[in-house]
Each structure stands twice: as structure tokens, then as C-alpha cells.
$ cat final_38.pdb   # PDB, C-alpha atoms and all ligand atoms
ATOM      1  CA  MET A   1     -65.442 -40.149 -41.252  1.00  0.00           C
ATOM      2  CA  LYS A   2     -63.264 -42.723 -39.538  1.00  0.00           C
ATOM      3  CA  GLU A   3     -60.203 -41.083 -41.015  1.00  0.00           C
ATOM      4  CA  GLN A   4     -61.439 -37.611 -40.069  1.00  0.00           C
ATOM      5  CA  LEU A   5     -61.874 -38.702 -36.456  1.00  0.00           C
ATOM      6  CA  ALA A   6     -58.406 -40.235 -36.412  1.00  0.00           C
ATOM      7  CA  LEU A   7     -57.032 -36.962 -37.743  1.00  0.00           C
ATOM      8  CA  LEU A   8     -58.891 -35.043 -35.037  1.00  0.00           C
ATOM      9  CA  VAL A   9     -57.393 -37.260 -32.339  1.00  0.00           C
ATOM     10  CA  LYS A  10     -53.962 -36.644 -33.819  1.00  0.00           C
ATOM     11  CA  LEU A  11     -54.642 -32.913 -34.009  1.00  0.00           C
ATOM     12  CA  GLN A  12     -55.642 -32.885 -30.363  1.00  0.00           C
ATOM     13  CA  THR A  13     -52.392 -34.585 -29.377  1.00  0.00           C
ATOM     14  CA  LEU A  14     -50.515 -31.956 -31.388  1.00  0.00           C
ATOM     15  CA  ASP A  15     -52.558 -29.157 -29.830  1.00  0.00           C
ATOM     16  CA  LEU A  16     -51.756 -30.406 -26.321  1.00  0.00           C
ATOM     17  CA  LYS A  17     -48.071 -30.558 -27.200  1.00  0.00           C
ATOM     18  CA  ARG A  18     -48.329 -27.098 -28.705  1.00  0.00           C
ATOM     19  CA  GLN A  19     -49.818 -25.764 -25.479  1.00  0.00           C
ATOM     20  CA  LYS A  20     -47.179 -27.457 -23.347  1.00  0.00           C
ATOM     21  CA  ASP A  21     -44.351 -26.062 -25.507  1.00  0.00           C
ATOM     22  CA  LYS A  22     -45.879 -22.610 -25.378  1.00  0.00           C
ATOM     23  CA  ASP A  23     -46.091 -22.706 -21.573  1.00  0.00           C
ATOM     24  CA  LEU A  24     -42.525 -23.993 -21.318  1.00  0.00           C
ATOM     25  CA  LEU A  25     -41.216 -21.259 -23.604  1.00  0.00           C
ATOM     26  CA  LYS A  26     -43.152 -18.623 -21.698  1.00  0.00           C
ATOM     27  CA  ASP A  27     -41.714 -19.809 -18.359  1.00  0.00           C
ATOM     28  CA  PHE A  28     -38.060 -19.914 -19.404  1.00  0.00           C
ATOM     29  CA  PRO A  29     -37.181 -16.221 -18.942  1.00  0.00           C
ATOM     30  CA  GLU A  30     -38.695 -16.257 -15.449  1.00  0.00           C
ATOM     31  CA  LYS A  31     -36.903 -19.495 -14.568  1.00  0.00           C
ATOM     32  CA  ILE A  32     -33.620 -17.921 -15.633  1.00  0.00           C
ATOM     33  CA  SER A  33     -34.242 -14.787 -13.645  1.00  0.00           C
ATOM     34  CA  ILE A  34     -35.216 -16.816 -10.558  1.00  0.00           C
ATOM     35  CA  ALA A  35     -31.965 -18.754 -10.898  1.00  0.00           C
ATOM     36  CA  GLU A  36     -30.068 -15.483 -11.227  1.00  0.00           C
ATOM     37  CA  LYS A  37     -31.749 -13.800  -8.244  1.00  0.00           C
ATOM     38  CA  PRO A  38     -29.222 -14.988  -5.590  1.00  0.00           C
ATOM     39  CA  LEU A  39     -26.424 -13.544  -7.740  1.00  0.00           C
ATOM     40  CA  ALA A  40     -28.137 -10.172  -7.952  1.00  0.00           C
ATOM     41  CA  ASP A  41     -28.631 -10.245  -4.164  1.00  0.00           C
ATOM     42  CA  ALA A  42     -24.973 -11.124  -3.582  1.00  0.00           C
ATOM     43  CA  ARG A  43     -23.876  -8.295  -5.888  1.00  0.00           C
ATOM     44  CA  SER A  44     -25.936  -5.754  -3.982  1.00  0.00           C
ATOM     45  CA  GLU A  45     -24.605  -7.059  -0.650  1.00  0.00           C
ATOM     46  CA  ILE A  46     -21.077  -6.512  -1.943  1.00  0.00           C
ATOM     47  CA  GLU A  47     -22.017  -3.019  -3.090  1.00  0.00           C
ATOM     48  CA  ALA A  48     -23.443  -2.231   0.352  1.00  0.00           C
ATOM     49  CA  ALA A  49     -20.290  -3.532   2.078  1.00  0.00           C
ATOM     50  CA  ARG A  50     -18.144  -1.387  -0.238  1.00  0.00           C
ATOM     51  CA  ALA A  51     -20.193   1.694   0.592  1.00  0.00           C
ATOM     52  CA  GLN A  52     -19.728   0.936   4.300  1.00  0.00           C
ATOM     53  CA  LEU A  53     -16.000   0.505   3.752  1.00  0.00           C
ATOM     54  CA  GLU A  54     -15.856   3.874   2.032  1.00  0.00           C
ATOM     55  CA  GLN A  55     -17.656   5.474   4.995  1.00  0.00           C
ATOM     56  CA  LEU A  56     -15.245   3.939   7.490  1.00  0.00           C
ATOM     57  CA  SER A  57     -12.306   5.034   5.387  1.00  0.00           C
ATOM     58  CA  GLN A  58     -13.655   8.566   5.636  1.00  0.00           C
ATOM     59  CA  VAL A  59     -13.955   8.233   9.439  1.00  0.00           C
ATOM     60  CA  ARG A  60     -10.372   6.977   9.522  1.00  0.00           C
ATOM     61  CA  LYS A  61      -9.035   9.949   7.546  1.00  0.00           C
ATOM     62  CA  GLU A  62     -10.941  12.417   9.692  1.00  0.00           C
ATOM     63  CA  SER A  63      -9.779  10.736  12.912  1.00  0.00           C
ATOM     64  CA  GLU A  64      -6.142  10.732  11.782  1.00  0.00           C
ATOM     65  CA  LEU A  65      -6.351  14.402  10.969  1.00  0.00           C
ATOM     66  CA  ALA A  66      -8.077  15.192  14.275  1.00  0.00           C
ATOM     67  CA  LEU A  67      -5.486  13.176  16.180  1.00  0.00           C
ATOM     68  CA  GLN A  68      -2.663  15.059  14.570  1.00  0.00           C
ATOM     69  CA  MET A  69      -4.234  18.404  15.555  1.00  0.00           C
ATOM     70  CA  ILE A  70      -4.869  17.263  19.145  1.00  0.00           C
ATOM     71  CA  GLU A  71      -1.279  16.069  19.482  1.00  0.00           C
ATOM     72  CA  GLU A  72       0.024  19.415  18.235  1.00  0.00           C
ATOM     73  CA  LYS A  73      -2.301  21.184  20.671  1.00  0.00           C
ATOM     74  CA  ILE A  74      -1.006  19.092  23.591  1.00  0.00           C
ATOM     75  CA  VAL A  75       2.609  19.894  22.682  1.00  0.00           C
ATOM     76  CA  LYS A  76       1.796  23.615  22.604  1.00  0.00           C
ATOM     77  CA  LEU A  77      -0.103  23.453  25.875  1.00  0.00           C
ATOM     78  CA  LYS A  78       2.812  21.710  27.550  1.00  0.00           C
ATOM     79  CA  LEU A  79       5.258  24.315  26.271  1.00  0.00           C
ATOM     80  CA  ARG A  80       3.160  27.094  27.759  1.00  0.00           C
ATOM     81  CA  LEU A  81       3.133  25.486  31.236  1.00  0.00           C
ATOM     82  CA  THR A  82       6.464  27.101  32.099  1.00  0.00           C
ATOM     83  CA  GLU A  83       5.178  30.558  31.170  1.00  0.00           C
ATOM     84  CA  LEU A  84       2.315  30.500  33.663  1.00  0.00           C
ATOM     85  CA  LYS A  85       2.547  32.778  36.683  1.00  0.00           C
ATOM     86  CA  THR A  86      -0.240  31.942  39.093  1.00  0.00           C
ATOM     87  CA  ASN A  87      -1.322  28.685  40.656  1.00  0.00           C
ATOM     88  CA  LYS A  88      -4.842  29.228  39.357  1.00  0.00           C
ATOM     89  CA  GLU A  89      -3.613  29.681  35.796  1.00  0.00           C
ATOM     90  CA  TYR A  90      -1.474  26.579  36.160  1.00  0.00           C
ATOM     91  CA  HIS A  91      -4.385  24.448  37.321  1.00  0.00           C
ATOM     92  CA  ALA A  92      -6.674  25.681  34.592  1.00  0.00           C
ATOM     93  CA  HIS A  93      -3.964  24.883  32.076  1.00  0.00           C
ATOM     94  CA  LEU A  94      -3.507  21.346  33.451  1.00  0.00           C
ATOM     95  CA  GLN A  95      -7.231  20.821  33.104  1.00  0.00           C
ATOM     96  CA  GLU A  96      -7.052  21.931  29.497  1.00  0.00           C
ATOM     97  CA  ILE A  97      -4.258  19.417  28.879  1.00  0.00           C
ATOM     98  CA  ALA A  98      -6.299  16.663  30.574  1.00  0.00           C
ATOM     99  CA  ALA A  99      -9.291  17.507  28.372  1.00  0.00           C
ATOM    100  CA  ALA A 100      -7.098  17.374  25.262  1.00  0.00           C
ATOM    101  CA  ARG A 101      -5.724  13.988  26.334  1.00  0.00           C
ATOM    102  CA  LYS A 102      -9.246  12.658  26.876  1.00  0.00           C
ATOM    103  CA  SER A 103     -10.234  13.843  23.449  1.00  0.00           C
ATOM    104  CA  LYS A 104      -7.064  12.239  22.046  1.00  0.00           C
ATOM    105  CA  SER A 105      -7.950   8.915  23.609  1.00  0.00           C
ATOM    106  CA  GLU A 106     -11.521   9.101  22.267  1.00  0.00           C
ATOM    107  CA  THR A 107     -10.239   9.903  18.792  1.00  0.00           C
ATOM    108  CA  GLU A 108      -7.782   7.016  19.004  1.00  0.00           C
ATOM    109  CA  ASP A 109     -10.633   4.672  19.913  1.00  0.00           C
ATOM    110  CA  ARG A 110     -12.663   5.928  16.969  1.00  0.00           C
ATOM    111  CA  LEU A 111      -9.676   5.442  14.658  1.00  0.00           C
ATOM    112  CA  LEU A 112      -9.084   1.940  15.967  1.00  0.00           C
ATOM    113  CA  ASN A 113     -12.736   0.997  15.588  1.00  0.00           C
ATOM    114  CA  ALA A 114     -12.769   2.296  12.026  1.00  0.00           C
ATOM    115  CA  MET A 115      -9.623   0.336  11.178  1.00  0.00           C
ATOM    116  CA  GLU A 116     -10.991  -2.863  12.696  1.00  0.00           C
ATOM    117  CA  GLY A 117     -14.289  -2.381  10.897  1.00  0.00           C
ATOM    118  CA  MET A 118     -12.413  -1.854   7.638  1.00  0.00           C
ATOM    119  CA  ASP A 119     -10.411  -5.049   8.099  1.00  0.00           C
ATOM    120  CA  GLN A 120     -13.579  -6.964   8.806  1.00  0.00           C
ATOM    121  CA  LEU A 121     -15.345  -5.530   5.775  1.00  0.00           C
ATOM    122  CA  LYS A 122     -12.384  -6.241   3.514  1.00  0.00           C
ATOM    123  CA  THR A 123     -12.406  -9.904   4.593  1.00  0.00           C
ATOM    124  CA  GLU A 124     -16.163 -10.061   4.176  1.00  0.00           C
ATOM    125  CA  ILE A 125     -16.010  -8.509   0.694  1.00  0.00           C
ATOM    126  CA  ALA A 126     -13.228 -10.857  -0.406  1.00  0.00           C
ATOM    127  CA  GLU A 127     -15.202 -13.883   0.801  1.00  0.00           C
ATOM    128  CA  LYS A 128     -18.409 -12.719  -0.818  1.00  0.00           C
ATOM    129  CA  GLN A 129     -16.604 -12.028  -4.079  1.00  0.00           C
ATOM    130  CA  ALA A 130     -15.046 -15.476  -4.111  1.00  0.00           C
ATOM    131  CA  LYS A 131     -18.440 -17.053  -3.442  1.00  0.00           C
ATOM    132  CA  LEU A 132     -20.046 -14.862  -6.095  1.00  0.00           C
ATOM    133  CA  ALA A 133     -17.446 -15.923  -8.659  1.00  0.00           C
ATOM    134  CA  GLU A 134     -18.230 -19.572  -7.895  1.00  0.00           C
ATOM    135  CA  ASP A 135     -21.975 -18.981  -8.074  1.00  0.00           C
ATOM    136  CA  GLU A 136     -21.604 -17.046 -11.311  1.00  0.00           C
ATOM    137  CA  ALA A 137     -19.725 -19.926 -12.887  1.00  0.00           C
ATOM    138  CA  ALA A 138     -22.382 -22.381 -11.677  1.00  0.00           C
ATOM    139  CA  PHE A 139     -25.177 -20.129 -12.907  1.00  0.00           C
ATOM    140  CA  SER A 140     -23.603 -19.708 -16.301  1.00  0.00           C
ATOM    141  CA  SER A 141     -23.668 -23.476 -16.845  1.00  0.00           C
ATOM    142  CA  VAL A 142     -27.249 -23.680 -15.557  1.00  0.00           C
ATOM    143  CA  LYS A 143     -28.215 -20.840 -17.887  1.00  0.00           C
ATOM    144  CA  LYS A 144     -26.525 -22.576 -20.796  1.00  0.00           C
ATOM    145  CA  GLU A 145     -28.473 -25.758 -20.020  1.00  0.00           C
ATOM    146  CA  MET A 146     -31.719 -23.816 -19.807  1.00  0.00           C
ATOM    147  CA  GLN A 147     -31.039 -22.070 -23.086  1.00  0.00           C
ATOM    148  CA  ASP A 148     -30.192 -25.345 -24.799  1.00  0.00           C
ATOM    149  CA  GLU A 149     -33.423 -26.786 -23.435  1.00  0.00           C
ATOM    150  CA  MET A 150     -35.311 -23.733 -24.631  1.00  0.00           C
ATOM    151  CA  ASP A 151     -33.797 -24.076 -28.130  1.00  0.00           C
ATOM    152  CA  GLN A 152     -34.738 -27.738 -28.119  1.00  0.00           C
ATOM    153  CA  VAL A 153     -38.338 -26.942 -27.143  1.00  0.00           C
ATOM    154  CA  ALA A 154     -38.502 -24.186 -29.753  1.00  0.00           C
ATOM    155  CA  SER A 155     -37.337 -26.507 -32.510  1.00  0.00           C
ATOM    156  CA  GLU A 156     -39.779 -29.202 -31.390  1.00  0.00           C
ATOM    157  CA  ALA A 157     -42.511 -26.596 -31.322  1.00  0.00           C
ATOM    158  CA  ALA A 158     -41.718 -25.636 -34.907  1.00  0.00           C
ATOM    159  CA  ALA A 159     -41.970 -29.276 -35.983  1.00  0.00           C
ATOM    160  CA  VAL A 160     -45.287 -29.664 -34.129  1.00  0.00           C
ATOM    161  CA  GLU A 161     -46.547 -26.505 -35.786  1.00  0.00           C
ATOM    162  CA  ALA A 162     -45.722 -27.851 -39.240  1.00  0.00           C
ATOM    163  CA  GLU A 163     -47.365 -31.171 -38.455  1.00  0.00           C
ATOM    164  CA  TRP A 164     -50.410 -29.375 -37.076  1.00  0.00           C
ATOM    165  CA  GLU A 165     -50.757 -27.376 -40.301  1.00  0.00           C
ATOM    166  CA  ALA A 166     -50.440 -30.499 -42.447  1.00  0.00           C
ATOM    167  CA  THR A 167     -52.959 -32.410 -40.313  1.00  0.00           C
ATOM    168  CA  SER A 168     -55.513 -29.620 -40.030  1.00  0.00           C
ATOM    169  CA  GLU A 169     -55.518 -29.178 -43.818  1.00  0.00           C
ATOM    170  CA  LYS A 170     -56.919 -32.676 -44.157  1.00  0.00           C
ATOM    171  CA  ILE A 171     -59.829 -32.027 -41.798  1.00  0.00           C
ATOM    172  CA  SER A 172     -63.059 -30.521 -43.078  1.00  0.00           C
ATOM    173  CA  LYS A 173     -63.469 -26.839 -42.216  1.00  0.00           C
ATOM    174  CA  SER A 174     -66.677 -27.264 -40.232  1.00  0.00           C
ATOM    175  CA  LEU A 175     -65.336 -30.191 -38.200  1.00  0.00           C
ATOM    176  CA  LEU A 176     -62.113 -28.304 -37.568  1.00  0.00           C
ATOM    177  CA  SER A 177     -63.946 -25.250 -36.327  1.00  0.00           C
ATOM    178  CA  SER A 178     -66.233 -27.205 -33.974  1.00  0.00           C
ATOM    179  CA  TYR A 179     -63.192 -29.072 -32.696  1.00  0.00           C
ATOM    180  CA  GLN A 180     -61.355 -25.811 -32.067  1.00  0.00           C
ATOM    181  CA  ARG A 181     -64.336 -24.347 -30.228  1.00  0.00           C
ATOM    182  CA  LEU A 182     -64.537 -27.454 -28.044  1.00  0.00           C
ATOM    183  CA  PHE A 183     -60.792 -27.532 -27.478  1.00  0.00           C
ATOM    184  CA  LYS A 184     -61.035 -24.041 -26.013  1.00  0.00           C
ATOM    185  CA  SER A 185     -64.180 -24.559 -23.935  1.00  0.00           C
ATOM    186  CA  CYS A 186     -63.208 -28.049 -22.738  1.00  0.00           C
ATOM    187  CA  LYS A 187     -59.693 -27.001 -21.780  1.00  0.00           C
ATOM    188  CA  GLY A 188     -57.801 -29.177 -24.208  1.00  0.00           C
ATOM    189  CA  LEU A 189     -60.023 -32.239 -24.302  1.00  0.00           C
ATOM    190  CA  ALA A 190     -62.348 -31.982 -27.276  1.00  0.00           C
ATOM    191  CA  VAL A 191     -62.236 -35.511 -28.691  1.00  0.00           C
ATOM    192  CA  VAL A 192     -62.600 -38.327 -26.173  1.00  0.00           C
ATOM    193  CA  PRO A 193     -62.743 -42.099 -26.452  1.00  0.00           C
ATOM    194  CA  VAL A 194     -65.731 -44.058 -25.225  1.00  0.00           C
ATOM    195  CA  ASN A 195     -64.782 -46.526 -22.529  1.00  0.00           C
ATOM    196  CA  GLY A 196     -67.348 -49.273 -22.342  1.00  0.00           C
ATOM    197  CA  GLN A 197     -70.583 -47.357 -21.774  1.00  0.00           C
ATOM    198  CA  THR A 198     -68.898 -44.216 -20.529  1.00  0.00           C
ATOM    199  CA  CYS A 199     -67.787 -40.888 -22.023  1.00  0.00           C
ATOM    200  CA  THR A 200     -64.191 -40.464 -20.776  1.00  0.00           C
ATOM    201  CA  GLY A 201     -64.615 -36.677 -20.923  1.00  0.00           C
ATOM    202  CA  CYS A 202     -67.371 -36.372 -18.299  1.00  0.00           C
ATOM    203  CA  HIS A 203     -67.649 -39.981 -17.064  1.00  0.00           C
ATOM    204  CA  PHE A 204     -71.390 -40.140 -17.599  1.00  0.00           C
ATOM    205  CA  SER A 205     -72.979 -43.289 -19.055  1.00  0.00           C
ATOM    206  CA  LEU A 206     -73.987 -42.976 -22.688  1.00  0.00           C
ATOM    207  CA  PRO A 207     -77.126 -44.455 -24.274  1.00  0.00           C
ATOM    208  CA  PRO A 208     -76.415 -47.838 -26.003  1.00  0.00           C
ATOM    209  CA  GLN A 209     -77.853 -46.476 -29.258  1.00  0.00           C
ATOM    210  CA  LEU A 210     -75.298 -43.652 -29.273  1.00  0.00           C
ATOM    211  CA  ILE A 211     -72.436 -46.041 -28.539  1.00  0.00           C
ATOM    212  CA  ALA A 212     -73.543 -48.268 -31.410  1.00  0.00           C
ATOM    213  CA  GLU A 213     -73.538 -45.243 -33.714  1.00  0.00           C
ATOM    214  CA  VAL A 214     -70.125 -44.110 -32.509  1.00  0.00           C
ATOM    215  CA  LYS A 215     -68.800 -47.595 -33.300  1.00  0.00           C
ATOM    216  CA  MET A 216     -70.046 -47.300 -36.852  1.00  0.00           C
ATOM    217  CA  GLN A 217     -67.872 -44.191 -37.281  1.00  0.00           C
ATOM    218  CA  SER A 218     -70.062 -42.870 -40.052  1.00  0.00           C
ATOM    219  CA  LYS A 219     -70.697 -39.421 -38.600  1.00  0.00           C
ATOM    220  CA  VAL A 220     -69.495 -37.047 -35.946  1.00  0.00           C
ATOM    221  CA  LEU A 221     -71.248 -37.735 -32.648  1.00  0.00           C
ATOM    222  CA  THR A 222     -70.998 -35.844 -29.425  1.00  0.00           C
ATOM    223  CA  CYS A 223     -71.641 -36.616 -25.779  1.00  0.00           C
ATOM    224  CA  GLY A 224     -75.042 -35.325 -24.689  1.00  0.00           C
ATOM    225  CA  TYR A 225     -73.639 -34.153 -21.362  1.00  0.00           C
ATOM    226  CA  CYS A 226     -70.275 -32.534 -22.066  1.00  0.00           C
ATOM    227  CA  HIS A 227     -70.670 -32.105 -25.859  1.00  0.00           C
ATOM    228  CA  ARG A 228     -67.255 -33.548 -26.601  1.00  0.00           C
ATOM    229  CA  ILE A 229     -66.714 -35.415 -29.855  1.00  0.00           C
ATOM    230  CA  LEU A 230     -66.770 -39.177 -29.227  1.00  0.00           C
ATOM    231  CA  TYR A 231     -64.662 -41.869 -30.824  1.00  0.00           C
ATOM    232  CA  ILE A 232     -63.880 -45.512 -30.323  1.00  0.00           C
ATOM    233  CA  LYS A 233     -60.299 -46.615 -29.894  1.00  0.00           C
ATOM    234  CA  PRO A 234     -59.318 -48.784 -32.925  1.00  0.00           C
ATOM    235  CA  THR A 235     -58.968 -51.902 -30.714  1.00  0.00           C
ATOM    236  CA  GLU A 236     -62.547 -51.569 -29.455  1.00  0.00           C
ATOM    237  CA  VAL A 237     -64.337 -51.131 -32.782  1.00  0.00           C
TER
HETATM  238 ZN    ZN B   1     -69.234 -36.469 -21.945  1.00  0.00          ZN
END
$ encode --input "final_38.pdb" --output "C-alpha cells" --more "lines below"
Ligand SMILES: [Zn+2]
Amino acid sequence: MKEQLALLVKLQTLDLKRQKDKDLLKDFPEKISIAEKPLADARSEIEAARAQLEQLSQVRKESELALQMIEEKIVKLKLRLTELKTNKEYHAHLQEIAAARKSKSETEDRLLNAMEGMDQLKTEIAEKQAKLAEDEAAFSSVKKEMQDEMDQVASEAAAVEAEWEATSEKISKSLLSSYQRLFKSCKGLAVVPVNGQTCTGCHFSLPPQLIAEVKMQSKVLTCGYCHRILYIKPTEV
């Protein structure tokens, strides 16, 4: 029985390691995607800036075209000035020219604004792209590290698995199944050492008779309060 208990303690250590490895492996993909999130954000910011640039470029083209038409209109209006007969016609015509000039100046402002906006966006995009390239390089080394770590954990997990199999084979079926039930219900602490008079699972004091029996290591004994399997550390036997 002494050997069986020792095997159970070993199995529990392996089970805890197994659980830890499993959690680590489960968390890796999320860790990677969290690390990658700022890159995805930066990429969509660049996309948005490009779309804005495209819009402004459209405004620029339209304004240039409009400006050209207004300028042609002003030239024509000026040419017709000499053909006008009455004062009234002349004044009306001057007003039309003034309106065309106002519209020209507004269109010029719009064109200028678009061009300034485009320059700004181009600078912004270039800066963001440079920063993104840096961040991508940094991320790729972080990702590589994470993947190496994940491979390491996976290979350790495989070794633990093999050791678990080999150890569990040596434990009697009924003891193994009560251990496994306890391991689940006691959240990973199924076999606990006795410390002095106390169960280290629930910290209640145990009857002296029970402690004496545990020390004999001749059968499987459990704590009356938390039902965990009790053992004595080799140094305390
Ligand atoms: Zn207990």
C-alpha cells in the first residue's frame, strides 16, 4: 500500500502538470491574437485613411473640372460685354461675371482644401505604414517565441502523458478510480499529506487513531471531513 500511495502522489503531480499544460496550450491562440490586435487596428486605420484619400482625390478632380468650366464661362462673359447695348444689360452682365468669380474663388478654396488634406493624409499613411512595418517585425519575433514556447509545452505534455500512463498502470483499478473521482471533485487535490494532527486538504484536526493508521500505510485512509486520501510524507513516518 505504501508504494500505491507513493504512486498516487506522483500521479497527482503529473495530473496537475497535465492540467497546467492543457490550460497553457488552450490560451496560446488567444495570446497570439491579443498580441496581433494592435496590428489589425493599424491596418484598418491605414485602410480608412486610404479611403479618405480616394474621396479627396475625387473632390480634387471635380473641382479642377469645375474650375476649368468657370474660367471658360468668365472669358465668354467678358467677350460679350462689348456687344451689350443698354446700361441695364451691362449691369446685369457685370453681376453675372461677379457671381462667376465668386464661384471660382469658392471652387479654388475647395480644391486647395482637398490638396492640403491629401498631403496630410499621404504623410499620415506613410508614417502609419512605417510604424506598422516595425510593429509587424516585432510581432513576428514575439509570435515565433510564443510558438516555440507552445511547441515546448506540447512536447513536455506528451512526456507527462506517457509518464502518467506508465504510472497509472501500476495503480489498482479501484484506487485509481476513487482517486480520479476525488481529483475532479476536490479540484486537483485528491491525495494530501497529514501535517502533525491536521489534514492539509481541509485543515481540520484528525483523530489520533486515524493518524496512527495513516502512518502504518497498510490501507487507503481518507479524511472524515473532506474525504481526501491521506498520506504521510516519507520523512514523517
Ligand atoms: Zn480533510
$ resolve_selection --input "final_38.pdb" --expression "the PyMOL selection byres (((not hetatm)) within 10 of (chain B and resi 1))" --output "list in words"
Ala190, Val191, Val192, Pro193, Val194, Thr198, Cys199, Thr200, Gly201, Cys202, His203, Phe204, Ser205, Leu206, Thr222, Cys223, Gly224, Tyr225, Cys226, His227, Arg228, Ile229 and Leu230 of chain A
$ residues_around --input "final_38.pdb" --residues "Gln209 (chain A)" --least-positions-apart "5" --cutoff "12 Å" --atoms "all atoms listed in the file" --output "list in words"
Gln197, Val214, Lys215, Met216 and Leu221 of chain A
$ closest_residue --input "final_38.pdb" --among "A:Leu16, A:Ala42, A:Ala166, A:Leu56" --to "Leu121 (chain A)" --atoms "only C-alpha atoms"
A:Leu56
$ closest_residue --input "final_38.pdb" --among "A:Ile46, A:Ile211, A:Ala130, A:Met146" --to "Ser33 (chain A)" --atoms "only C-alpha atoms"
A:Met146
$ resolve_selection --input "final_38.pdb" --expression "the PyMOL selection byres (((chain A and resi 143) around 12) and not hetatm)" --output "number ranges by chain"
A: 28-36, 135-142, 144-150
$ closest_residue --input "final_38.pdb" --among "A:Gln95, A:Ser44, A:Gln4, A:Gln19" --to "Leu132 (chain A)" --atoms "all atoms listed in the file"
A:Ser44
$ residues_around --input "final_38.pdb" --residues "Ser155 (chain A)" --least-positions-apart "6" --cutoff "12 Å" --atoms "all atoms listed in the file" --output "PDB file with C-alpha atoms, in the frame of the given file"
ATOM      1  CA  ARG A  18     -48.329 -27.098 -28.705  1.00  0.00           C
ATOM      2  CA  ASP A  21     -44.351 -26.062 -25.507  1.00  0.00           C
ATOM      3  CA  LYS A  22     -45.879 -22.610 -25.378  1.00  0.00           C
ATOM      4  CA  LEU A  25     -41.216 -21.259 -23.604  1.00  0.00           C
ATOM      5  CA  ASP A 148     -30.192 -25.345 -24.799  1.00  0.00           C
ATOM      6  CA  GLU A 149     -33.423 -26.786 -23.435  1.00  0.00           C
ATOM      7  CA  GLU A 161     -46.547 -26.505 -35.786  1.00  0.00           C
ATOM      8  CA  ALA A 162     -45.722 -27.851 -39.240  1.00  0.00           C
TER       9      ALA A 162
END
$ resolve_selection --input "final_38.pdb" --expression "the PyMOL selection byres (((chain A and resi 80) around 12) and not hetatm)" --output "short mmCIF file (atom, residue, chain, number, x, y, z; two decimals) with C-alpha atoms, in the coordinates of the input"
data_model
loop_
_atom_site.label_atom_id
_atom_site.label_comp_id
_atom_site.auth_asym_id
_atom_site.auth_seq_id
_atom_site.Cartn_x
_atom_site.Cartn_y
_atom_site.Cartn_z
CA LYS A 73 -2.30 21.18 20.67
CA ILE A 74 -1.01 19.09 23.59
CA VAL A 75 2.61 19.89 22.68
CA LYS A 76 1.80 23.62 22.60
CA LEU A 77 -0.10 23.45 25.88
CA LYS A 78 2.81 21.71 27.55
CA LEU A 79 5.26 24.32 26.27
CA LEU A 81 3.13 25.49 31.24
CA THR A 82 6.46 27.10 32.10
CA GLU A 83 5.18 30.56 31.17
CA LEU A 84 2.32 30.50 33.66
CA LYS A 85 2.55 32.78 36.68
CA GLU A 89 -3.61 29.68 35.80
CA TYR A 90 -1.47 26.58 36.16
CA HIS A 93 -3.96 24.88 32.08
CA LEU A 94 -3.51 21.35 33.45
CA GLU A 96 -7.05 21.93 29.50
CA ILE A 97 -4.26 19.42 28.88
#
$ atom_distance --input "final_38.pdb" --atom1 "CA of Leu189 (chain A)" --atom2 "CA of Ser174 (chain A)"
18.0 Å
$ residues_around --input "final_38.pdb" --residues "Arg60 (chain A)" --least-positions-apart "2" --cutoff "10 Å" --atoms "all atoms listed in the file" --output "PyMOL selection string"
chain A and resi 54-58+62-66+107-108+110-115+118
$ atom_distance --input "final_38.pdb" --atom1 "CA of Lys128 (chain A)" --atom2 "CA of Glu116 (chain A)"
18.3 Å
$ atom_distance --input "final_38.pdb" --atom1 "CA of Gln120 (chain A)" --atom2 "CA of Gln68 (chain A)"
25.2 Å
$ residues_around --input "final_38.pdb" --residues "Glu163 (chain A)" --least-positions-apart "4" --cutoff "8 Å" --atoms "all atoms listed in the file" --output "PyMOL selection string"
chain A and resi 14+159+167
$ residues_near_point --input "final_38.pdb" --point "(-60.3, -35.7, -37.1)" --cutoff "9 Å" --atoms "only C-alpha atoms" --output "list in words"
Met1, Lys2, Glu3, Gln4, Leu5, Ala6, Leu7, Leu8, Val9, Lys10, Leu11, Gln12, Thr167, Ser168, Lys170, Ile171, Ser172, Leu175, Leu176, Tyr179 and Val191 of chain A
$ closest_residue --input "final_38.pdb" --among "A:Leu67, A:Glu127, A:Gln180, A:Lys20" --to "Ala100 (chain A)" --atoms "all atoms listed in the file"
A:Leu67
$ axis_aligned_box --input "final_38.pdb" --around "region 109-123 of chain A" --padding-each-side "4 Å" --output "JSON"
{"center_x": -12.2, "center_y": -2.0, "center_z": 11.7, "size_x": 14.3, "size_y": 23.8, "size_z": 24.4}
$ residues_around --input "final_38.pdb" --residues "Gln129 (chain A)" --least-positions-apart "4" --cutoff "9 Å" --atoms "all atoms listed in the file" --output "ChimeraX atom specification"
/A:42-43,46,124-125,133-134
$ closest_residue --input "final_38.pdb" --among "A:Leu182, A:Leu210, A:Val59, A:Ala49" --to "Asp109 (chain A)" --atoms "all atoms listed in the file"
A:Val59
$ closest_residue --input "final_38.pdb" --among "A:Lys187, A:Lys26, A:Lys173, A:Arg181" --to "Ala154 (chain A)" --atoms "only C-alpha atoms"
A:Lys26
